[in-house]
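Working notes for the structure below.
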Amino acid sequence: MWQQKENKLHKKFEFKNFSAAFAFMTRVALIAEKMDHHPTWTNTWNKVEISLSTHDAGDVVTRKDEDLAKAIDELL
């Protein structure tokens with residue numbers, strides 16, 4: 001479940017291994033590029049953390065973030 005904190009949508013994902021985490025990040029990257037809306041994220045081995053906010057709206061959560069979060073969830 002996405003949590004809103006500090007004006008961002010945030011979610012942690014855990015995968016079987018690094019390859020699965022990286023594959024997920026690649027799929028997210030393709031969607032983000034298509035939407036022209038890019039996440040802030042980190043990856044450590046099998047874990048990916050994503051934060052979403054709209055930088056050109058003052059780093060707050062907008063419909064763009066909600067749409068990207070929904071698209072990311074649909075990958076799982």
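In the structure tokens, chains take letters A, B, ... by order of appearance, with residues numbered from 1 within each chain and ligands from 1 in the order shown.
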Next item on the list: Run DSSP on the backbone of this structure and report the residues of chain A it assigns to strand (DSSP E), as a count of residues only.
Entry: 21
Item checked: For Ala32 in chain A: contacts at 12 Å, only C-alpha atoms, fewer than 2 positions along chain excluded, given as a PyMOL selection string -> chain A and resi 25-30+34-40+52+64-65+67-72
Next item on the list: May I have the residues within 9 Å of range 1-10 of chain A as a ChimeraX atom specification, using only C-alpha atoms and disregarding those fewer than 3 positions away in the same chain?
Entry: /A:49-54,59-61,65-66,69,73
Output the selection as a PDB file, in the first residue's frame - C-alpha atoms for each residue.
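Output saved as part-v1.pdb:
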ATOM      1  CA  GLU A  49      11.866   1.901  -2.453  1.00  0.00           C
ATOM      2  CA  ILE A  50       9.952   4.408  -4.541  1.00  0.00           C
ATOM      3  CA  SER A  51       8.871   7.951  -3.701  1.00  0.00           C
ATOM      4  CA  LEU A  52       6.625   9.947  -5.989  1.00  0.00           C
ATOM      5  CA  SER A  53       6.007  13.684  -6.056  1.00  0.00           C
ATOM      6  CA  THR A  54       5.600  16.232  -8.812  1.00  0.00           C
ATOM      7  CA  ASP A  59       7.243  18.642  -4.784  1.00  0.00           C
ATOM      8  CA  VAL A  60       3.731  17.697  -3.745  1.00  0.00           C
ATOM      9  CA  VAL A  61       1.551  14.728  -4.643  1.00  0.00           C
ATOM     10  CA  ASP A  65       1.851  10.602  -8.928  1.00  0.00           C
ATOM     11  CA  GLU A  66      -1.386   8.766  -8.263  1.00  0.00           C
ATOM     12  CA  ALA A  69       1.541   4.612  -8.480  1.00  0.00           C
ATOM     13  CA  ASP A  73       0.934  -1.575  -8.785  1.00  0.00           C
TER      14      ASP A  73
END
Next item on the list: If you run DSSP over the backbone, which residues in chain A end up helix (DSSP H, G or I)? Put them as a VMD selection string.
Entry: chain A and resid 18 to 35 55 to 57 63 to 73
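Of the residues under consideration (A:Ser19, A:Ile31, A:Lys11, A:Thr62), A:Ile31 shows the shortest atom-to-atom contact distance to Leu75 in chain A when counting only C-alpha atoms.
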Next item on the list: Work out how far CA of Lys12 in chain A is from CA of Lys47 in chain A, in Å to one decimal.
Entry: 7.2 Å
Check: How many Å lie between CA of Phe22 in chain A and CA of Gly58 in chain A, rounded to one decimal?
Finding: 29.3 Å
Check: Nearest to Phe18 in chain A: which of A:Val48, A:Asp56, A:Glu33, A:Trp41 is it, counting only C-alpha atoms?
Finding: A:Val48
